[in-house]
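Printed here is entry_5.cif (mmCIF, C-alpha atoms and all ligand atoms):
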```
data_input
#
loop_
_atom_site.label_atom_id
_atom_site.label_comp_id
_atom_site.auth_asym_id
_atom_site.auth_seq_id
_atom_site.Cartn_x
_atom_site.Cartn_y
_atom_site.Cartn_z
CA MET A 1 0.00 0.00 0.00
CA TYR A 2 1.23 3.51 -0.80
CA VAL A 3 0.15 6.80 0.81
CA ASN A 4 1.69 10.19 0.34
CA THR A 5 2.06 10.81 4.08
CA VAL A 6 2.12 8.71 7.23
CA ILE A 7 1.77 10.57 10.53
CA LEU A 8 2.75 8.59 13.62
CA GLY A 9 0.62 9.83 16.54
CA ALA A 10 -3.01 11.01 16.53
CA GLY A 11 -2.43 13.60 19.23
CA ALA A 12 -2.72 17.37 19.05
CA ALA A 13 0.19 17.91 16.66
CA GLY A 14 -0.41 14.85 14.46
CA MET A 15 -4.09 15.63 13.85
CA MET A 16 -3.39 19.30 13.06
CA CYS A 17 -0.68 18.20 10.62
CA ALA A 18 -3.09 15.81 8.87
CA ILE A 19 -5.68 18.58 8.51
CA GLN A 20 -3.17 20.82 6.74
CA ALA A 21 -1.45 18.08 4.71
CA GLY A 22 -4.74 17.25 3.00
CA GLY A 23 -5.84 13.89 1.60
CA ASP A 24 -3.75 10.79 0.92
CA CYS A 25 -2.60 10.86 4.50
CA LEU A 26 -2.68 8.07 7.07
CA VAL A 27 -2.57 8.83 10.80
CA VAL A 28 -1.44 5.89 12.94
CA ASP A 29 -1.82 5.53 16.72
CA HIS A 30 -1.55 2.63 19.12
CA ALA A 31 -4.23 4.06 21.43
CA LYS A 32 -7.93 3.13 21.32
CA ALA A 33 -8.95 6.76 20.71
CA PRO A 34 -7.31 9.83 19.18
CA GLY A 35 -6.29 12.85 21.26
CA GLU A 36 -6.38 11.20 24.65
CA LYS A 37 -4.21 13.90 26.26
CA ILE A 38 -6.49 16.56 24.84
CA ARG A 39 -9.45 14.75 26.39
CA ILE A 40 -8.00 14.75 29.91
CA SER A 41 -6.30 18.15 29.67
CA GLY A 42 -7.31 21.19 31.68
CA GLY A 43 -9.36 19.08 34.09
CA GLY A 44 -11.50 17.85 31.16
CA ARG A 45 -12.00 21.33 29.69
CA CYS A 46 -8.73 21.61 27.68
CA ASN A 47 -6.72 24.79 28.08
CA PHE A 48 -6.35 24.85 24.31
CA THR A 49 -4.29 28.02 23.87
CA ASN A 50 -3.12 31.19 25.59
CA LEU A 51 -4.03 34.72 24.46
CA ASP A 52 -0.56 35.95 25.38
CA THR A 53 1.49 33.28 23.57
CA THR A 54 4.97 34.52 22.66
CA PRO A 55 8.25 32.66 21.98
CA GLU A 56 9.37 33.73 25.48
CA ASN A 57 6.89 31.21 26.94
CA TYR A 58 8.94 28.28 25.61
CA LEU A 59 12.06 26.43 26.72
CA SER A 60 14.43 25.02 24.12
CA GLN A 61 18.16 24.78 23.56
CA ASN A 62 17.47 27.15 20.65
CA PRO A 63 14.93 29.71 21.95
CA HIS A 64 14.50 31.17 18.44
CA PHE A 65 13.42 27.90 16.83
CA CYS A 66 9.72 28.11 17.76
CA LYS A 67 9.28 31.66 16.41
CA SER A 68 8.53 30.86 12.78
CA ALA A 69 5.84 28.23 13.37
CA LEU A 70 4.20 30.24 16.19
CA ALA A 71 4.08 33.33 13.97
CA ARG A 72 2.48 31.50 11.06
CA TYR A 73 -0.21 29.75 13.15
CA THR A 74 -1.16 31.91 16.09
CA GLN A 75 -3.51 31.56 19.04
CA TRP A 76 -6.01 33.64 16.99
CA ASP A 77 -5.93 31.09 14.17
CA PHE A 78 -6.80 28.29 16.57
CA ILE A 79 -9.50 30.41 18.24
CA SER A 80 -11.13 31.03 14.86
CA LEU A 81 -11.10 27.27 14.15
CA VAL A 82 -12.78 26.66 17.53
CA ASP A 83 -15.30 29.42 16.76
CA ARG A 84 -16.09 27.95 13.33
CA HIS A 85 -17.05 24.74 15.11
CA GLY A 86 -19.30 26.62 17.52
CA ILE A 87 -17.31 25.54 20.58
CA ALA A 88 -17.94 27.95 23.47
CA TRP A 89 -14.89 29.02 25.48
CA HIS A 90 -13.80 31.39 28.22
CA GLU A 91 -10.64 32.93 29.60
CA LYS A 92 -9.97 31.53 33.04
CA THR A 93 -6.91 33.47 34.14
CA LEU A 94 -3.63 34.79 32.69
CA GLY A 95 -4.85 34.48 29.10
CA GLN A 96 -5.66 30.76 29.47
CA LEU A 97 -8.57 29.70 27.23
CA PHE A 98 -10.73 26.71 28.19
CA CYS A 99 -13.81 25.08 26.65
CA ASP A 100 -17.03 25.99 28.46
CA GLY A 101 -18.21 22.42 27.90
CA SER A 102 -15.76 19.57 27.39
CA ALA A 103 -12.30 18.89 25.98
CA LYS A 104 -13.97 16.16 23.91
CA GLN A 105 -15.31 18.96 21.69
CA ILE A 106 -11.73 19.81 20.64
CA VAL A 107 -11.00 16.15 19.83
CA ALA A 108 -14.26 15.87 17.86
CA MET A 109 -13.41 19.07 15.99
CA LEU A 110 -9.99 17.75 14.93
CA VAL A 111 -11.39 14.34 13.93
CA ALA A 112 -14.12 16.04 11.86
CA GLU A 113 -11.57 18.29 10.14
CA MET A 114 -9.39 15.26 9.34
CA ALA A 115 -12.36 13.39 7.88
CA GLN A 116 -13.24 16.43 5.77
CA VAL A 117 -9.84 16.45 4.06
CA GLY A 118 -9.96 12.67 3.65
CA ALA A 119 -7.19 11.75 6.09
CA GLU A 120 -7.45 8.16 7.30
CA LEU A 121 -7.06 7.23 10.97
CA TRP A 122 -5.80 3.83 12.10
CA LEU A 123 -6.09 3.29 15.84
CA GLN A 124 -4.79 0.37 17.92
CA THR A 125 -2.03 0.00 15.38
CA THR A 126 1.53 -0.84 16.39
CA VAL A 127 4.61 0.39 14.56
CA GLN A 128 6.92 -2.59 14.11
CA GLN A 129 9.54 -1.23 11.78
CA VAL A 130 10.46 1.92 9.89
CA GLN A 131 13.07 2.11 7.17
CA ALA A 132 14.20 4.37 4.36
CA ARG A 133 13.03 3.13 0.96
CA GLY A 134 13.98 4.92 -2.28
CA ASP A 135 13.00 8.58 -1.92
CA GLY A 136 10.65 7.80 0.93
CA TYR A 137 9.95 5.47 3.83
CA GLN A 138 8.52 2.03 4.42
CA LEU A 139 6.66 1.09 7.59
CA THR A 140 5.63 -2.28 8.91
CA LEU A 141 2.50 -1.92 11.03
CA LEU A 142 0.45 -4.40 13.01
CA ARG A 143 -3.30 -3.81 12.76
CA ASP A 144 -6.09 -6.21 13.76
CA GLY A 145 -3.49 -8.96 14.11
CA ALA A 146 -2.29 -8.52 10.52
CA GLN A 147 0.96 -7.01 9.30
CA GLN A 148 0.63 -4.13 6.89
CA CYS A 149 3.43 -2.76 4.77
CA ILE A 150 3.06 0.91 3.89
CA ASP A 151 5.25 2.98 1.61
CA CYS A 152 5.13 6.77 1.88
CA LYS A 153 6.84 9.89 0.64
CA ASN A 154 6.50 11.81 3.93
CA LEU A 155 6.83 10.45 7.44
CA VAL A 156 5.84 12.66 10.39
CA LEU A 157 6.98 11.87 13.94
CA ALA A 158 4.19 13.11 16.22
CA THR A 159 4.15 10.57 19.04
CA GLY A 160 4.82 13.15 21.76
CA GLY A 161 7.11 12.83 24.78
CA LYS A 162 7.48 10.40 27.66
CA SER A 163 5.00 12.02 30.05
CA ILE A 164 2.32 9.76 31.55
CA PRO A 165 3.36 6.34 30.22
CA LYS A 166 0.08 4.94 31.60
CA MET A 167 -1.67 6.90 28.84
CA GLY A 168 0.50 5.29 26.16
CA ALA A 169 3.43 7.72 25.99
CA THR A 170 6.51 6.08 24.49
CA GLY A 171 9.87 7.20 23.19
CA LEU A 172 9.04 6.08 19.63
CA ALA A 173 9.71 9.47 18.00
CA TYR A 174 13.13 9.64 19.67
CA ASP A 175 13.99 6.08 18.57
CA ILE A 176 13.06 6.73 14.93
CA ALA A 177 14.88 10.09 15.00
CA ARG A 178 18.06 8.37 16.24
CA GLN A 179 17.66 5.64 13.63
CA PHE A 180 17.84 8.37 10.96
CA ASP A 181 20.80 10.08 12.68
CA LEU A 182 18.85 13.04 14.07
CA PRO A 183 20.33 14.04 17.44
CA VAL A 184 18.06 13.69 20.48
CA LEU A 185 18.75 15.83 23.55
CA ASP A 186 18.42 14.35 27.04
CA THR A 187 14.83 14.41 28.25
CA ARG A 188 13.43 15.17 31.70
CA PRO A 189 9.96 15.67 33.18
CA GLY A 190 8.51 19.20 33.14
CA LEU A 191 5.42 20.85 34.69
CA VAL A 192 5.66 18.33 37.51
CA PRO A 193 5.16 18.51 41.32
CA PHE A 194 8.20 18.49 43.62
CA THR A 195 8.61 15.72 46.18
CA PHE A 196 10.20 16.03 49.63
CA PRO A 197 11.22 13.44 52.20
CA GLU A 198 8.17 11.74 53.67
CA GLY A 199 6.32 13.75 56.27
CA ARG A 200 7.97 17.11 55.49
CA PHE A 201 4.71 18.90 54.59
CA THR A 202 2.10 16.35 55.70
CA ALA A 203 0.70 18.77 58.29
CA LEU A 204 0.13 21.32 55.52
CA ALA A 205 -1.38 19.01 52.89
CA GLY A 206 -4.20 20.83 51.10
CA THR A 207 -3.02 24.32 52.08
CA ALA A 208 -2.88 26.72 49.13
CA LEU A 209 -1.75 30.33 48.81
CA PRO A 210 -0.43 32.74 46.19
CA ALA A 211 3.38 32.67 46.23
CA ARG A 212 6.45 33.57 44.20
CA LEU A 213 8.73 30.65 43.38
CA SER A 214 12.16 31.39 41.98
CA ASN A 215 15.52 30.01 41.09
CA PRO A 216 18.36 31.81 39.31
CA ARG A 217 16.73 31.05 35.92
CA ALA A 218 13.06 31.87 36.43
CA SER A 219 10.41 33.25 38.77
CA PHE A 220 6.63 32.62 38.80
CA ASP A 221 3.87 34.31 40.80
CA GLU A 222 1.00 31.83 40.95
CA ALA A 223 -0.76 29.53 43.41
CA LEU A 224 1.30 27.15 45.56
CA LEU A 225 -0.19 23.96 47.02
CA PHE A 226 1.28 21.85 49.81
CA THR A 227 0.64 18.13 49.30
CA HIS A 228 1.32 14.91 51.21
CA ARG A 229 4.24 14.28 48.86
CA GLY A 230 5.61 17.83 48.66
CA LEU A 231 4.74 20.93 46.63
CA SER A 232 2.41 21.41 43.71
CA GLY A 233 0.21 24.11 42.17
CA PRO A 234 0.85 26.27 39.10
CA SER A 235 3.88 28.17 40.48
CA VAL A 236 5.60 24.87 41.33
CA LEU A 237 4.78 23.22 37.99
CA GLN A 238 6.10 26.26 36.15
CA LEU A 239 9.38 26.37 38.08
CA SER A 240 9.88 22.60 37.80
CA SER A 241 10.65 23.04 34.09
CA TYR A 242 13.59 25.28 35.06
CA TRP A 243 14.80 23.05 37.90
CA HIS A 244 17.67 20.54 37.99
CA GLU A 245 18.05 17.68 40.51
CA GLY A 246 19.65 18.77 43.77
CA GLU A 247 19.03 22.50 43.35
CA ALA A 248 17.34 24.69 45.97
CA ILE A 249 14.30 26.80 45.14
CA SER A 250 13.25 30.01 46.87
CA LEU A 251 9.70 30.61 48.14
CA ASP A 252 8.31 34.08 48.76
CA LEU A 253 5.16 33.48 50.81
CA ILE A 254 4.18 37.14 50.87
CA PRO A 255 5.09 38.53 47.43
CA GLU A 256 2.40 41.21 47.46
CA ILE A 257 3.20 42.70 50.87
CA ASP A 258 6.10 44.70 52.31
CA LEU A 259 6.00 42.59 55.47
CA PHE A 260 8.75 44.44 57.32
CA THR A 261 7.04 47.83 56.98
CA LEU A 262 3.68 46.32 57.85
CA LEU A 263 4.96 44.58 61.00
CA ARG A 264 6.69 47.75 62.16
CA GLU A 265 3.48 49.73 61.71
CA GLN A 266 1.44 47.11 63.54
CA ARG A 267 4.00 47.06 66.36
CA GLN A 268 3.17 50.76 66.95
CA THR A 269 -0.59 50.30 67.15
CA GLN A 270 -1.11 46.61 68.05
CA GLY A 271 1.90 45.90 70.23
CA ARG A 272 0.06 43.37 72.41
CA ARG A 273 -0.90 41.22 69.41
CA ALA A 274 0.96 37.90 69.05
CA LEU A 275 3.28 37.85 66.04
CA THR A 276 1.64 34.64 64.83
CA THR A 277 -1.82 36.29 65.04
CA GLU A 278 -0.57 39.11 62.85
CA LEU A 279 0.93 36.65 60.34
CA ALA A 280 -2.34 34.69 60.27
CA ARG A 281 -4.03 37.83 58.92
CA HIS A 282 -1.97 37.38 55.74
CA LEU A 283 -1.22 33.64 55.54
CA PRO A 284 -3.27 30.44 56.10
CA GLY A 285 -3.44 29.54 59.83
CA ARG A 286 -2.00 26.03 59.39
CA LEU A 287 0.95 27.48 57.53
CA VAL A 288 1.59 30.02 60.29
CA ASP A 289 1.62 27.18 62.88
CA PHE A 290 4.12 25.32 60.71
CA LEU A 291 6.30 28.39 60.18
CA ALA A 292 6.24 29.17 63.91
CA THR A 293 8.07 25.88 64.52
CA GLU A 294 10.25 26.10 61.42
CA PHE A 295 11.49 29.64 62.16
CA ASN A 296 10.99 29.85 65.93
CA ILE A 297 8.34 32.57 65.73
CA SER A 298 6.87 33.58 69.10
CA GLY A 299 6.10 36.57 71.30
CA ARG A 300 4.11 39.75 70.94
CA LEU A 301 4.69 42.34 68.25
CA ALA A 302 5.97 44.78 70.86
CA ASP A 303 8.72 42.32 71.84
CA GLN A 304 10.25 42.31 68.35
CA SER A 305 13.27 44.43 67.46
CA ASP A 306 13.66 45.85 63.97
CA SER A 307 16.33 43.29 63.20
CA ALA A 308 14.09 40.42 64.40
CA LEU A 309 11.30 41.68 62.10
CA GLN A 310 13.80 42.01 59.26
CA SER A 311 15.05 38.44 59.78
CA LEU A 312 11.49 37.14 59.84
CA THR A 313 10.66 39.02 56.64
CA THR A 314 13.75 37.57 54.97
CA ALA A 315 12.88 34.06 56.16
CA LEU A 316 9.35 34.23 54.75
CA SER A 317 10.31 35.88 51.48
CA HIS A 318 13.42 33.79 50.77
CA TRP A 319 12.48 30.38 52.17
CA ALA A 320 15.10 28.10 50.60
CA LEU A 321 13.94 24.52 50.06
CA THR A 322 15.67 21.70 48.23
CA PRO A 323 13.21 19.23 46.70
CA GLY A 324 14.19 15.57 47.03
CA GLY A 325 13.00 15.09 43.46
CA SER A 326 9.94 15.37 41.26
CA GLU A 327 7.02 13.04 40.67
CA GLY A 328 8.67 12.20 37.33
CA TYR A 329 7.08 11.20 34.05
CA ARG A 330 4.26 9.50 35.98
CA THR A 331 2.50 12.85 36.48
CA ALA A 332 4.57 15.34 34.44
CA GLU A 333 2.45 17.30 31.97
CA VAL A 334 5.31 17.59 29.50
CA THR A 335 8.74 16.27 28.53
CA LEU A 336 11.62 18.70 28.26
CA GLY A 337 14.36 18.06 25.68
CA GLY A 338 13.83 15.67 22.78
CA ILE A 339 14.61 15.86 19.08
CA ASP A 340 17.28 18.54 18.63
CA THR A 341 15.91 21.56 16.78
CA ASP A 342 19.31 21.96 15.07
CA ALA A 343 18.40 18.97 12.94
CA LEU A 344 15.09 20.51 11.77
CA SER A 345 13.99 23.41 9.59
CA SER A 346 12.14 25.90 11.81
CA LYS A 347 9.86 26.77 8.88
CA THR A 348 8.77 23.27 7.86
CA LEU A 349 9.84 21.02 10.80
CA GLN A 350 11.47 18.81 8.14
CA ALA A 351 14.75 17.08 8.97
CA LYS A 352 17.53 18.99 7.26
CA SER A 353 19.38 15.79 6.37
CA ARG A 354 16.33 13.64 5.50
CA PRO A 355 13.83 14.94 2.93
CA GLY A 356 10.31 13.85 3.79
CA LEU A 357 10.98 13.19 7.49
CA TYR A 358 9.27 15.62 9.89
CA ALA A 359 9.10 15.93 13.70
CA ILE A 360 6.43 18.00 15.46
CA GLY A 361 4.82 18.66 18.84
CA GLU A 362 6.21 17.56 22.16
CA ALA A 363 8.70 15.13 20.60
CA VAL A 364 10.76 18.18 19.56
CA ASP A 365 12.93 20.11 22.01
CA VAL A 366 10.37 22.90 22.47
CA THR A 367 8.43 22.96 25.75
CA GLY A 368 5.86 25.53 26.78
CA TRP A 369 4.88 26.97 30.12
CA LEU A 370 1.74 25.84 31.88
CA GLY A 371 -1.33 27.62 30.50
CA GLY A 372 -2.20 26.43 26.99
CA TYR A 373 1.24 27.08 25.53
CA ASN A 374 2.00 23.40 24.87
CA PHE A 375 -1.11 22.87 22.79
CA GLN A 376 -0.37 26.08 20.89
CA TRP A 377 3.06 24.65 20.00
CA ALA A 378 1.43 21.36 18.95
CA TRP A 379 -1.06 23.22 16.70
CA ALA A 380 1.60 25.56 15.26
CA SER A 381 4.27 22.92 14.58
CA GLY A 382 1.66 20.52 13.15
CA HIS A 383 0.35 23.28 10.93
CA ALA A 384 3.85 24.19 9.69
CA ALA A 385 4.71 20.60 8.75
CA GLY A 386 1.27 20.02 7.22
CA CYS A 387 1.58 23.10 5.00
CA ALA A 388 5.07 22.02 3.89
CA ILE A 389 3.78 18.55 3.01
CA ALA A 390 0.85 20.01 1.05
CA ALA A 391 3.33 22.19 -0.87
CA ARG A 392 5.57 19.19 -1.63
CA ARG A 393 3.00 17.34 -3.70
C1 LIG B 401 -2.59 15.62 32.40
C2 LIG B 401 -2.15 16.56 31.32
C3 LIG B 401 -2.83 17.75 31.15
C4 LIG B 401 -2.40 18.66 30.18
N1 LIG B 401 -3.09 19.82 30.03
C5 LIG B 401 -2.69 20.71 29.09
C6 LIG B 401 -3.44 21.88 28.85
O1 LIG B 401 -4.53 22.09 29.43
N2 LIG B 401 -2.95 22.77 27.94
C7 LIG B 401 -1.79 22.55 27.23
O2 LIG B 401 -1.41 23.38 26.42
N3 LIG B 401 -1.10 21.40 27.40
C8 LIG B 401 -1.53 20.48 28.30
N4 LIG B 401 -0.82 19.33 28.45
C9 LIG B 401 0.32 19.06 27.56
C10 LIG B 401 -0.23 18.58 26.18
O3 LIG B 401 -1.14 17.52 26.39
C11 LIG B 401 0.91 18.11 25.28
O4 LIG B 401 1.91 19.08 25.21
C12 LIG B 401 0.38 17.83 23.88
O5 LIG B 401 -0.62 16.83 23.94
C13 LIG B 401 1.50 17.37 22.95
O6 LIG B 401 0.92 17.06 21.71
P1 LIG B 401 1.60 15.95 20.77
O7 LIG B 401 0.66 15.76 19.65
O8 LIG B 401 3.00 16.30 20.50
O9 LIG B 401 1.63 14.63 21.66
P2 LIG B 401 0.42 13.81 22.29
O10 LIG B 401 -0.79 14.65 22.39
O11 LIG B 401 0.96 13.16 23.50
O12 LIG B 401 0.09 12.71 21.17
C14 LIG B 401 0.98 11.67 20.89
C15 LIG B 401 0.17 10.50 20.30
O13 LIG B 401 1.10 9.50 19.91
C16 LIG B 401 0.62 8.23 20.31
N5 LIG B 401 1.77 7.33 20.50
C17 LIG B 401 2.75 7.43 21.43
N6 LIG B 401 3.61 6.40 21.28
C18 LIG B 401 3.18 5.68 20.23
C19 LIG B 401 3.66 4.49 19.62
N7 LIG B 401 4.77 3.86 20.04
N8 LIG B 401 2.95 4.00 18.56
C20 LIG B 401 1.82 4.62 18.12
N9 LIG B 401 1.32 5.73 18.67
C21 LIG B 401 2.01 6.26 19.73
C22 LIG B 401 -0.14 8.50 21.59
O14 LIG B 401 -1.09 7.48 21.83
C23 LIG B 401 -0.75 9.87 21.31
O15 LIG B 401 -2.06 9.75 20.75
C24 LIG B 401 -1.26 18.38 29.39
C25 LIG B 401 -0.60 17.16 29.56
C26 LIG B 401 -1.03 16.26 30.50
C27 LIG B 401 -0.30 14.95 30.64
#
```
Starting from the file, give its structure as structure tokens.
Amino acid sequence: MYVNTVILGAGAAGMMCAIQAGGDCLVVDHAKAPGEKIRISGGGRCNFTNLDTTPENYLSQNPHFCKSALARYTQWDFISLVDRHGIAWHEKTLGQLFCDGSAKQIVAMLVAEMAQVGAELWLQTTVQQVQARGDGYQLTLLRDGAQQCIDCKNLVLATGGKSIPKMGATGLAYDIARQFDLPVLDTRPGLVPFTFPEGRFTALAGTALPARLSNPRASFDEALLFTHRGLSGPSVLQLSSYWHEGEAISLDLIPEIDLFTLLREQRQTQGRRALTTELARHLPGRLVDFLATEFNISGRLADQSDSALQSLTTALSHWALTPGGSEGYRTAEVTLGGIDTDALSSKTLQAKSRPGLYAIGEAVDVTGWLGGYNFQWAWASGHAAGCAIAARR
């Protein structure tokens, strides 16, 4: 059997690529259903893009690589696709757009668009072998217990990263890339909770507050959540993508307040008030109890010298913690690293050394922040490769 294009992976990037590539295209996936990560994303409502998407919201060894694709398929392009399908959406916070109804609407939209251009979808199909053949590629697939041999001119690697193996994530794109001599950068989990030695934050599990999390490379002001295993919440997930094993992170528990000035003022007028009572006016009570032990906080406001108030302010705004690790690929929303962008054209996502071989989406070394940026990269990179394939006919 011959098809013009085989796309491995019916996820966000693969389906968008098929829609642009047009007919004579086969999309192959080993899962039972297409777009499973889309379906579960955003708590079932899919944070499908971000109004404020810019190249600065992405991590990559080459920070310029994502610019071309993002500029040619923007958040507004995806929003107009969603609008054409009558899918209602809303902005939740920080430019993050979610479906009003269900993430399944986004999957259904992509499947309908693929059907409209005549792209074929083979699910529950295993890739057994891939090899170069003439000017193109030959794949051996296993479908319904039967081997199928497919020749194609274009082969698109869109099988994503390693995050959430339980949902069928594999390193297939990396393996095929290596087979064709494309370099693959080391991968690590991103947008993932931090873990700490057992019991460290058990007393605080479930406590949430706005906080600033920083390390020398990045800083995020978003919600922080203490869990039985450690730290989670948007600010933690964001910083985790900039974190390396063994490094300390810095927590500012009171980013919006000049605590030193405030405590000095309160000392004047509320001197008899316990320091912990004053702190509990700005922080969750359970956290104040915890901090009282951690930093030896006691006494009335009137008992505190300026330098004691300054030390306390420093402790609460620069709380240095060293995570034991992260929850790993088991719960990570994304995979950092992957197929080296140096090997790809930023305009077409085609391998520079291998005509007809493309890599898109999370498999490539481009990783977005939390907030719809990863889907926007999947749409944009899929669109760029799809357009290039359509032009190559
Ligand atoms: C829980 C969770 C929530 C998320 N929420 C959001 C969000 O709200 N907004 C956002 O922007 N991003 C979110 N993300 C990230 C986003 O899902 C990914 O960045 C995006 O799906 C990547 O698209 P992709 O097409 O490259 O890969 P995927 O969507 O992962 O698709 C890859 C496809 O390849 C298939 N595949 C894998 N291995 C093989 C193989 N060996 N053979 C055949 N097929 C294979 C898979 O079954 C899958 O269908 C979330 C991720 C997770 C895990």
### Residues within 7 Å of ligand LIG 401 (chain B), counting only C-alpha atoms and all ligand atoms, as a ChimeraX atom specification
/A:8-14,28-31,34-38,40-42,46-49,125-127,158-161,163-164,168-172,331-334,360-363,370-376,378
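Here CA of Thr93 in chain A is placed at a distance of 17.4 Å from CA of Leu225 in chain A.
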### Residues near Gln75 in chain A, cut-off 8 Å, only C-alpha atoms, skip fewer than 3 positions along chain, as an MDAnalysis selection string
chainID A and resid 49:51 53 78:79 376
### Message
Between A:Arg45, A:Gly386, A:Asp258, A:Val130, which residue has the minimum interatomic distance to Lys92 in chain A, considering all atoms listed in the file?
### Response
A:Arg45
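Distances to Leu70 in chain A were evaluated for A:Lys347, A:Arg212, A:Arg392, A:Arg267 using all atoms listed in the file, and the minimum falls at A:Lys347.
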### Task
List every protein, DNA or RNA residue with an atom no more than 8 Å from (0.0, 30.9, 45.2) in the file's coordinates, counting all atoms listed in the file, and format the result as a PyMOL selection string.
chain A and resi 208-212+221-225+233-235
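Among A:Phe98, A:Tyr58, A:Tyr73, A:Phe220, the residue with the shortest atom-to-atom distance to Gly44 in chain A, counting all atoms listed in the file, is A:Phe98.
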### Message
The residues within 8 Å of (14.3, 30.6, 47.2), using all atoms listed in the file and the coordinates of the file, should be reported as a list of chain:residue names; which are they?
### Response
A:Leu213, A:Ser214, A:Asn215, A:Ala248, A:Ile249, A:Ser250, A:Leu251, A:Asp252, A:Ser317, A:His318, A:Trp319, A:Ala320, A:Leu321
File dump, residues just selected, C-alpha atoms, as a CSV table (one decimal), keeping the file's coordinate frame:
```csv
chain,number,residue,atom,x,y,z
A,213,LEU,CA,8.7,30.6,43.4
A,214,SER,CA,12.2,31.4,42.0
A,215,ASN,CA,15.5,30.0,41.1
A,248,ALA,CA,17.3,24.7,46.0
A,249,ILE,CA,14.3,26.8,45.1
A,250,SER,CA,13.2,30.0,46.9
A,251,LEU,CA,9.7,30.6,48.1
A,252,ASP,CA,8.3,34.1,48.8
A,317,SER,CA,10.3,35.9,51.5
A,318,HIS,CA,13.4,33.8,50.8
A,319,TRP,CA,12.5,30.4,52.2
A,320,ALA,CA,15.1,28.1,50.6
A,321,LEU,CA,13.9,24.5,50.1
```
### Task
Could you jot down the CA of Ala384 in chain A to CA of Ala69 in chain A separation for me, Å, one decimal place?
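Interatomic distance here is 5.8 Å.
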#### Entry: Minimum-distance residue to Leu237 in chain A, chosen among A:Trp369, A:Arg264, A:Ala203, A:Ala132 (using all atoms listed in the file)
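Using all atoms listed in the file, Leu237 in chain A sits closest to A:Trp369.
CA of Tyr174 in chain A sits 19.8 Å away from CA of Arg133 in chain A.
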### Task
For Leu275 in chain A, please output as a ChimeraX atom specification all residues within 7 Å (counting all atoms listed in the file; exclusion window: fewer than 6 positions along the same chain).
/A:298-301
### Query
Any idea what's packed within 9 Å of Asp340 in chain A, counting only C-alpha atoms, ignoring anything in its chain fewer than 2 positions away? Could you give it as number ranges by chain?
A: 60-62, 182-185, 337-338, 342-344, 364-365
Residues within 12 Å of Asn296 in chain A, all atoms listed in the file, excluding chain neighbours under 5 positions, as a short mmCIF file (atom, residue, chain, number, x, y, z; two decimals) with C-alpha atoms, keeping the file's coordinate frame:
```cif
data_model
loop_
_atom_site.label_atom_id
_atom_site.label_comp_id
_atom_site.auth_asym_id
_atom_site.auth_seq_id
_atom_site.Cartn_x
_atom_site.Cartn_y
_atom_site.Cartn_z
CA LEU A 275 3.28 37.85 66.04
CA THR A 276 1.64 34.64 64.83
CA VAL A 288 1.59 30.02 60.29
CA ASP A 289 1.62 27.18 62.88
CA PHE A 290 4.12 25.32 60.71
CA LEU A 291 6.30 28.39 60.18
CA ALA A 308 14.09 40.42 64.40
CA SER A 311 15.05 38.44 59.78
CA LEU A 312 11.49 37.14 59.84
CA ALA A 315 12.88 34.06 56.16
#
```
Compile the contact shell of Leu142 in chain A as an mmCIF file with C-alpha atoms, keeping the file's coordinate frame: residues with an atom at most 9 Å away, counting all atoms listed in the file, same-chain residues fewer than 2 positions apart removed.
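part38.cif was written with the following content:
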```
data_model
loop_
_atom_site.group_PDB
_atom_site.id
_atom_site.type_symbol
_atom_site.label_atom_id
_atom_site.label_comp_id
_atom_site.auth_asym_id
_atom_site.auth_seq_id
_atom_site.Cartn_x
_atom_site.Cartn_y
_atom_site.Cartn_z
ATOM 1 C CA GLN A 124 -4.790 0.370 17.920
ATOM 2 C CA THR A 125 -2.030 0.000 15.380
ATOM 3 C CA THR A 126 1.530 -0.840 16.390
ATOM 4 C CA VAL A 127 4.610 0.390 14.560
ATOM 5 C CA GLN A 128 6.920 -2.590 14.110
ATOM 6 C CA THR A 140 5.630 -2.280 8.910
ATOM 7 C CA ASP A 144 -6.090 -6.210 13.760
ATOM 8 C CA GLY A 145 -3.490 -8.960 14.110
ATOM 9 C CA ALA A 146 -2.290 -8.520 10.520
ATOM 10 C CA GLN A 147 0.960 -7.010 9.300
ATOM 11 C CA GLN A 148 0.630 -4.130 6.890
ATOM 12 C CA CYS A 149 3.430 -2.760 4.770
#
```
## Note on the structure
Ile176 in chain A proximity check over A:Ser102, A:Ile339, A:Glu120, A:Trp76, using all atoms listed in the file: winner is A:Ile339
As a compact mmCIF listing (two decimals), in the frame of the given file, could you write out range 2-6 of chain A once it has been completed with N, CA and C atoms?
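Saved as part_18.txt:
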```txt
# COMPACT_ATOMS: atom_id res chain seq x y z
N TYR A 2 0.48 2.25 -0.77
CA TYR A 2 1.23 3.51 -0.80
C TYR A 2 0.32 4.66 -0.38
N VAL A 3 0.82 5.52 0.52
CA VAL A 3 0.15 6.80 0.81
C VAL A 3 1.20 7.89 0.72
N ASN A 4 0.74 9.08 0.44
CA ASN A 4 1.69 10.19 0.34
C ASN A 4 2.37 10.45 1.69
N THR A 5 1.55 10.41 2.76
CA THR A 5 2.06 10.81 4.08
C THR A 5 1.57 9.88 5.18
N VAL A 6 2.50 9.42 6.01
CA VAL A 6 2.12 8.71 7.23
C VAL A 6 2.48 9.60 8.41
```
